[in-house]
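Shown next: work.txt, containing compact mmCIF, C-alpha atoms.
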```txt
# COMPACT_ATOMS: atom_id res chain seq x y z
CA MET B 1 -14.32 -3.25 -6.54
CA SER B 2 -15.70 -6.72 -5.92
CA MET B 3 -13.80 -9.32 -3.97
CA ALA B 4 -14.15 -12.97 -2.96
CA TYR B 5 -11.90 -15.14 -0.83
CA ASN B 6 -11.24 -18.85 -0.52
CA ARG B 7 -12.13 -20.53 2.73
CA SER B 8 -8.66 -20.00 4.22
CA ILE B 9 -9.01 -16.23 3.97
CA GLY B 10 -12.65 -15.19 4.30
CA SER B 11 -15.77 -14.22 2.39
CA ILE B 12 -17.05 -11.20 0.45
CA LEU B 13 -16.43 -7.83 2.11
CA TYR B 14 -19.23 -5.60 3.29
CA GLN B 15 -18.63 -1.93 4.07
CA THR B 16 -19.94 -0.63 7.35
CA SER B 17 -19.84 2.69 9.16
CA LYS B 18 -17.16 1.34 11.48
CA GLU B 19 -13.55 2.22 10.88
CA SER B 20 -12.52 -1.38 10.29
CA ILE B 21 -13.93 -4.90 10.22
CA ARG B 22 -12.21 -8.25 10.41
CA ILE B 23 -12.49 -10.45 7.30
CA GLY B 24 -11.30 -13.88 8.27
CA SER B 25 -8.08 -14.76 10.00
CA ASN B 26 -5.69 -13.12 7.55
CA TYR B 27 -7.06 -9.71 6.59
CA ARG B 28 -8.63 -6.73 8.32
CA ARG B 29 -10.08 -3.97 6.18
CA CYS B 30 -9.30 -0.38 7.17
CA PHE B 31 -11.70 2.40 6.23
CA SER B 32 -10.82 5.99 5.44
CA VAL B 33 -12.47 9.03 6.94
CA SER B 34 -10.78 11.38 4.48
CA ILE B 35 -12.56 13.25 1.72
CA SER B 36 -10.59 14.10 -1.41
CA ARG B 37 -11.69 16.93 -3.67
CA HIS B 38 -10.70 16.97 -7.32
CA ASN B 39 -8.80 20.13 -8.11
CA LEU B 40 -5.69 19.29 -10.11
CA PHE B 41 -4.25 22.73 -10.75
CA GLY B 42 -4.97 26.10 -9.18
CA GLY B 43 -7.30 27.06 -6.38
CA THR B 44 -7.25 25.22 -3.09
CA LYS B 45 -7.84 21.64 -2.03
CA SER B 46 -9.37 20.41 1.23
CA ILE B 47 -8.00 17.16 2.67
CA GLY B 48 -9.51 15.14 5.50
CA ASN B 49 -11.88 16.41 8.11
CA LYS B 50 -9.75 19.30 9.35
CA GLY B 51 -10.10 21.42 6.24
CA GLN B 52 -6.37 21.64 5.66
CA LEU B 53 -5.70 23.82 2.64
CA LEU B 54 -3.06 23.38 0.01
CA THR B 55 -2.37 26.21 -2.39
CA PRO B 56 -0.15 26.27 -5.48
CA PRO B 57 3.11 28.22 -5.17
CA SER B 58 3.08 31.90 -6.02
CA GLY B 59 5.83 33.97 -7.61
CA LYS B 60 6.74 31.83 -10.61
CA GLY B 61 9.66 34.09 -11.38
CA GLU B 62 11.39 33.43 -8.06
CA THR B 63 14.61 31.45 -8.15
CA SER B 64 16.26 29.29 -5.54
CA SER B 65 19.66 27.67 -5.20
CA ASN B 66 18.21 24.86 -3.09
CA PRO B 67 17.83 21.71 -5.27
CA ALA B 68 14.89 20.54 -3.13
CA ASP B 69 13.01 23.78 -3.85
CA LEU B 70 13.66 23.42 -7.56
CA PHE B 71 12.45 19.83 -7.48
CA LYS B 72 9.24 20.76 -5.68
CA LYS B 73 8.53 23.60 -8.12
CA ASN B 74 8.76 21.19 -11.05
CA ASP B 75 6.94 18.30 -9.40
CA ILE B 76 3.79 18.00 -11.53
CA LEU B 77 2.26 15.47 -9.09
CA MET B 78 2.51 17.75 -6.05
CA TYR B 79 -1.05 19.04 -6.44
CA SER B 80 -2.54 15.85 -7.85
CA ASP B 81 -5.09 14.04 -5.74
CA LYS B 82 -3.36 11.45 -3.60
CA PRO B 83 -5.00 8.03 -3.29
CA LEU B 84 -6.71 7.44 0.05
CA ASN B 85 -4.12 4.76 0.88
CA TYR B 86 -1.15 7.02 0.10
CA ILE B 87 1.69 6.19 2.52
CA GLU B 88 2.73 9.42 4.20
CA SER B 89 5.63 7.91 6.12
CA VAL B 90 7.30 4.64 7.06
CA LYS B 91 7.79 4.25 10.80
CA GLU B 92 10.13 1.88 12.63
CA ASN B 93 7.26 -0.52 13.19
CA GLY B 94 4.76 0.23 10.44
CA PHE B 95 3.14 2.63 7.99
CA HIS B 96 1.33 5.95 8.47
CA LEU B 97 -1.24 6.57 5.73
CA ALA B 98 -2.64 9.85 4.40
CA ASN B 99 -6.09 8.96 5.76
CA ASN B 100 -4.59 8.94 9.28
CA LEU B 101 -4.56 5.15 9.55
CA LEU B 102 -1.53 3.64 11.27
CA ILE B 103 -0.58 0.03 10.57
CA THR B 104 1.86 -1.23 13.19
CA SER B 105 3.65 -4.53 13.69
CA PRO B 106 3.67 -6.46 15.89
CA ASN B 107 0.12 -5.80 17.09
CA LYS B 108 -1.09 -6.11 20.67
CA GLN B 109 -1.31 -9.88 20.26
CA GLY B 110 2.32 -10.06 19.10
CA GLU B 111 1.34 -10.94 15.53
CA ILE B 112 3.34 -9.81 12.49
CA ILE B 113 1.17 -7.39 10.47
CA GLY B 114 1.85 -6.36 6.89
CA ALA B 115 0.02 -3.91 4.63
CA LEU B 116 -2.00 -4.71 1.52
CA MET B 117 -3.10 -1.96 -0.88
CA LEU B 118 -5.71 -2.61 -3.56
CA GLN B 119 -7.08 0.36 -5.53
CA SER B 120 -7.99 2.86 -2.77
CA GLU B 121 -8.49 0.18 -0.12
CA THR B 122 -6.14 -0.69 2.74
CA PHE B 123 -5.91 -4.03 4.53
CA GLU B 124 -3.90 -5.29 7.45
CA VAL B 125 -2.43 -8.70 6.65
CA ASN B 126 -1.70 -11.17 9.43
CA LEU B 127 1.61 -12.75 8.39
CA SER B 128 2.05 -14.86 11.50
CA ASN B 129 1.60 -18.63 11.32
CA GLU B 130 3.89 -19.07 8.31
CA GLY B 131 2.43 -16.25 6.23
CA TYR B 132 5.93 -15.77 4.85
CA LYS B 133 9.44 -17.10 5.32
CA ILE B 134 12.96 -15.85 4.71
CA ILE B 135 15.20 -18.38 2.97
CA ASN B 136 18.97 -18.18 3.46
CA LYS B 137 18.50 -14.74 5.08
CA PHE B 138 17.83 -12.90 1.78
CA ILE B 139 15.02 -14.63 -0.18
CA VAL B 140 11.44 -13.84 0.87
CA GLU B 141 8.65 -16.24 0.00
CA PHE B 142 5.01 -15.49 0.80
CA ASN B 143 2.63 -18.33 1.55
CA GLU B 144 0.25 -18.87 -1.37
CA ASP B 145 -2.71 -18.44 1.00
CA VAL B 146 -1.60 -14.81 1.46
CA LEU B 147 -1.24 -14.27 -2.29
CA GLN B 148 -4.67 -15.77 -3.11
CA VAL B 149 -6.26 -12.33 -2.75
CA PHE B 150 -4.56 -11.21 -5.98
CA LYS B 151 -6.16 -14.13 -7.79
CA LYS B 152 -9.63 -13.39 -6.42
CA VAL B 153 -9.75 -9.60 -6.71
CA HIS B 154 -11.35 -7.95 -9.75
CA PRO B 155 -10.24 -5.89 -11.53
CA LYS B 156 -6.69 -7.08 -11.01
CA PRO B 157 -3.88 -4.58 -10.49
CA GLU B 158 -1.52 -4.13 -13.42
CA ILE B 159 1.52 -3.63 -11.17
CA VAL B 160 2.10 -4.96 -7.65
CA VAL B 161 4.74 -3.35 -5.45
CA ILE B 162 6.34 -5.83 -3.04
CA GLY B 163 8.10 -4.62 0.11
CA LEU B 164 10.50 -7.17 1.58
CA GLY B 165 11.13 -5.74 5.03
CA GLU B 166 13.93 -3.74 6.60
CA LYS B 167 16.58 -4.41 3.96
CA SER B 168 16.97 -5.24 0.31
CA ARG B 169 16.15 -8.88 -0.41
CA MET B 170 14.96 -11.05 -3.28
CA LEU B 171 11.47 -12.36 -3.92
CA SER B 172 11.35 -16.14 -4.41
CA GLU B 173 11.07 -17.54 -7.92
CA SER B 174 7.85 -19.36 -7.03
CA ASN B 175 6.23 -16.07 -5.97
CA LYS B 176 7.44 -14.39 -9.17
CA ARG B 177 5.90 -17.17 -11.25
CA TYR B 178 2.63 -16.82 -9.33
CA PHE B 179 2.30 -13.12 -10.16
CA SER B 180 3.43 -13.73 -13.74
CA SER B 181 0.67 -16.32 -14.17
CA LEU B 182 -1.84 -13.60 -13.22
CA GLY B 183 -0.39 -11.16 -15.75
CA MET B 184 0.92 -8.76 -13.10
CA GLN B 185 4.20 -6.87 -13.24
CA LEU B 186 6.28 -6.51 -10.09
CA GLU B 187 8.29 -3.76 -8.44
CA VAL B 188 10.38 -5.19 -5.59
CA GLY B 189 12.45 -3.49 -2.90
CA ASP B 190 12.82 -3.05 0.84
CA SER B 191 9.62 -1.84 2.48
CA ASN B 192 10.74 1.79 2.81
CA ASN B 193 11.59 2.15 -0.89
CA ALA B 194 8.58 0.06 -1.91
CA ALA B 195 6.29 2.48 -0.05
CA GLN B 196 7.74 5.40 -2.02
CA ILE B 197 7.37 3.52 -5.31
CA PHE B 198 3.74 2.69 -4.49
CA ASP B 199 2.98 6.35 -3.70
CA LEU B 200 4.46 7.52 -7.01
CA LEU B 201 2.79 4.87 -9.17
CA ALA B 202 -0.59 5.06 -7.40
CA THR B 203 -0.65 8.85 -7.84
CA GLU B 204 0.32 8.64 -11.51
CA ARG B 205 -1.94 5.69 -12.31
CA PRO B 206 -4.79 5.47 -9.79
CA ASN B 207 -6.71 2.22 -9.26
CA VAL B 208 -4.32 -0.03 -11.22
CA ILE B 209 -1.52 -0.36 -8.64
CA GLY B 210 -1.42 -2.83 -5.74
CA ALA B 211 1.08 -3.39 -2.97
CA LEU B 212 2.01 -6.05 -0.44
CA LEU B 213 4.43 -4.77 2.18
CA LEU B 214 6.20 -6.61 4.96
CA PRO B 215 6.54 -4.47 8.09
CA PRO B 216 9.77 -2.45 8.01
CA ASN B 217 11.11 -4.11 11.17
CA VAL B 218 11.46 -7.69 9.88
```

Structure re-expressed in structure tokens:
Amino acid sequence: MSMAYNRSIGSILYQTSKESIRIGSNYRRCFSVSISRHNLFGGTKSIGNKGQLLTPPSGKGETSSNPADLFKKNDILMYSDKPLNYIESVKENGFHLANNLLITSPNKQGEIIGALMLQSETFEVNLSNEGYKIINKFIVEFNEDVLQVFKKVHPKPEIVVIGLGEKSRMLSESNKRYFSSLGMQLEVGDSNNAAQIFDLLATERPNVIGALLLPPNV
């Protein structure tokens, strides 16, 4: 993936051996230390550095009255390779990713930090200093400087999942028009539901799904 930024955001990214590097005033790139191994069905799969093993269920003839067990048995994505930026859980103040990264907001400087997912990459987004605003308590509008990354990135995601914070809100019409002008479809919800939607879509359709998530405590 190649990326360029306008002067308000930063310049081209360069990968280093460090866990993260700062790219301008708005974004900080987070690097994964996980190693995924392709093994869709059968056998075992090693995730991360601890050698955790996942094995497919045995005893196909077993039955259960628990709906959750039945759902898991028929979940064809359970043993698919998760993207490196798969969101394992949504915390009160941020997101815990499958590669053991934790994005929390506010940070130590008291800044509001959101999450940006592009292909298998993860970025922290500084949303302080008018990075977004809430109009009439239920309409969220992101500053165009924050959205510029979707214009600059190549290849562009086909679908962008937008998380609008702790409760269900609406995305502003101007933001909708911006994404429409780039040919991107939107999935919008509160940040908790948006994280689940991103996980599902990114597992089904790797490398064509993006996400921009407000922290779940705003």

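Taking CA of Phe138 (chain B) and CA of Leu118 (chain B) as endpoints, the distance between them is 26.2 Å.
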
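CA of Gly94 (chain B) is positioned 29.0 Å from CA of Gly183 (chain B).
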
Item to complete: Find the residue from B:Ala98, B:Ile135, B:Ala195, B:Val153 that sits nearest to Leu214 (chain B); use all atoms listed in the file when measuring.
Response: B:Ala195

Worksheet item: Given the choices B:Glu144, B:Phe123, B:Asn192, B:Pro155, which gets closest to Lys91 (chain B) if the distance is worked out from only C-alpha atoms?
Response: B:Asn192

Worksheet item: What does the distance from CA of Asn217 (chain B) to CA of Gln185 (chain B) come to in Å, to one decimal?
Response: 25.5 Å

Please list, as an mmCIF file with C-alpha atoms, keeping the file's coordinate frame, the residues that have an atom at most 10 Å away from (15.8, -8.8, -1.5) in the coordinates of this file, counting only C-alpha atoms.
```
data_model
loop_
_atom_site.group_PDB
_atom_site.id
_atom_site.type_symbol
_atom_site.label_atom_id
_atom_site.label_comp_id
_atom_site.auth_asym_id
_atom_site.auth_seq_id
_atom_site.Cartn_x
_atom_site.Cartn_y
_atom_site.Cartn_z
ATOM 1 C CA ILE B 134 12.960 -15.850 4.710
ATOM 2 C CA LYS B 137 18.500 -14.740 5.080
ATOM 3 C CA PHE B 138 17.830 -12.900 1.780
ATOM 4 C CA ILE B 139 15.020 -14.630 -0.180
ATOM 5 C CA VAL B 140 11.440 -13.840 0.870
ATOM 6 C CA GLY B 163 8.100 -4.620 0.110
ATOM 7 C CA LEU B 164 10.500 -7.170 1.580
ATOM 8 C CA GLY B 165 11.130 -5.740 5.030
ATOM 9 C CA GLU B 166 13.930 -3.740 6.600
ATOM 10 C CA LYS B 167 16.580 -4.410 3.960
ATOM 11 C CA SER B 168 16.970 -5.240 0.310
ATOM 12 C CA ARG B 169 16.150 -8.880 -0.410
ATOM 13 C CA MET B 170 14.960 -11.050 -3.280
ATOM 14 C CA LEU B 171 11.470 -12.360 -3.920
ATOM 15 C CA SER B 172 11.350 -16.140 -4.410
ATOM 16 C CA VAL B 188 10.380 -5.190 -5.590
ATOM 17 C CA GLY B 189 12.450 -3.490 -2.900
ATOM 18 C CA ASP B 190 12.820 -3.050 0.840
#
```

Show me, as a tab-separated table, the residues of region 90-197 of chain B having an atom within 12 Å of region 206-209 of chain B, each with the closest atom pair and its distance in Å, using all atoms listed in the file.
```
residue	atom	partner	partner_atom	distance
B:Leu116	CA	B:Ile209	CA	11.1
B:Met117	CA	B:Ile209	CA	8.1
B:Leu118	CA	B:Ile209	CA	7.0
B:Gln119	CA	B:Asn207	CA	4.2
B:Ser120	CA	B:Asn207	CA	6.6
B:Glu121	CA	B:Asn207	CA	9.5
B:Phe150	CA	B:Ile209	CA	11.6
B:Val153	CA	B:Val208	CA	11.9
B:His154	CA	B:Val208	CA	10.7
B:Pro155	CA	B:Val208	CA	8.3
B:Lys156	CA	B:Val208	CA	7.4
B:Pro157	CA	B:Val208	CA	4.6
B:Glu158	CA	B:Val208	CA	5.4
B:Ile159	CA	B:Ile209	CA	5.1
B:Val160	CA	B:Ile209	CA	5.9
B:Val161	CA	B:Ile209	CA	7.6
B:Ile162	CA	B:Ile209	CA	11.1
B:Met184	CA	B:Ile209	CA	9.8
B:Gln185	CA	B:Ile209	CA	9.8
B:Leu186	CA	B:Ile209	CA	10.0
B:Glu187	CA	B:Ile209	CA	10.4
B:Ala195	CA	B:Ile209	CA	12.0
B:Ile197	CA	B:Ile209	CA	10.3
```

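Closest to Ser128 (chain B) among B:Ser191, B:Glu173, B:Ile87, B:Pro215 is B:Pro215, based on only C-alpha atoms.
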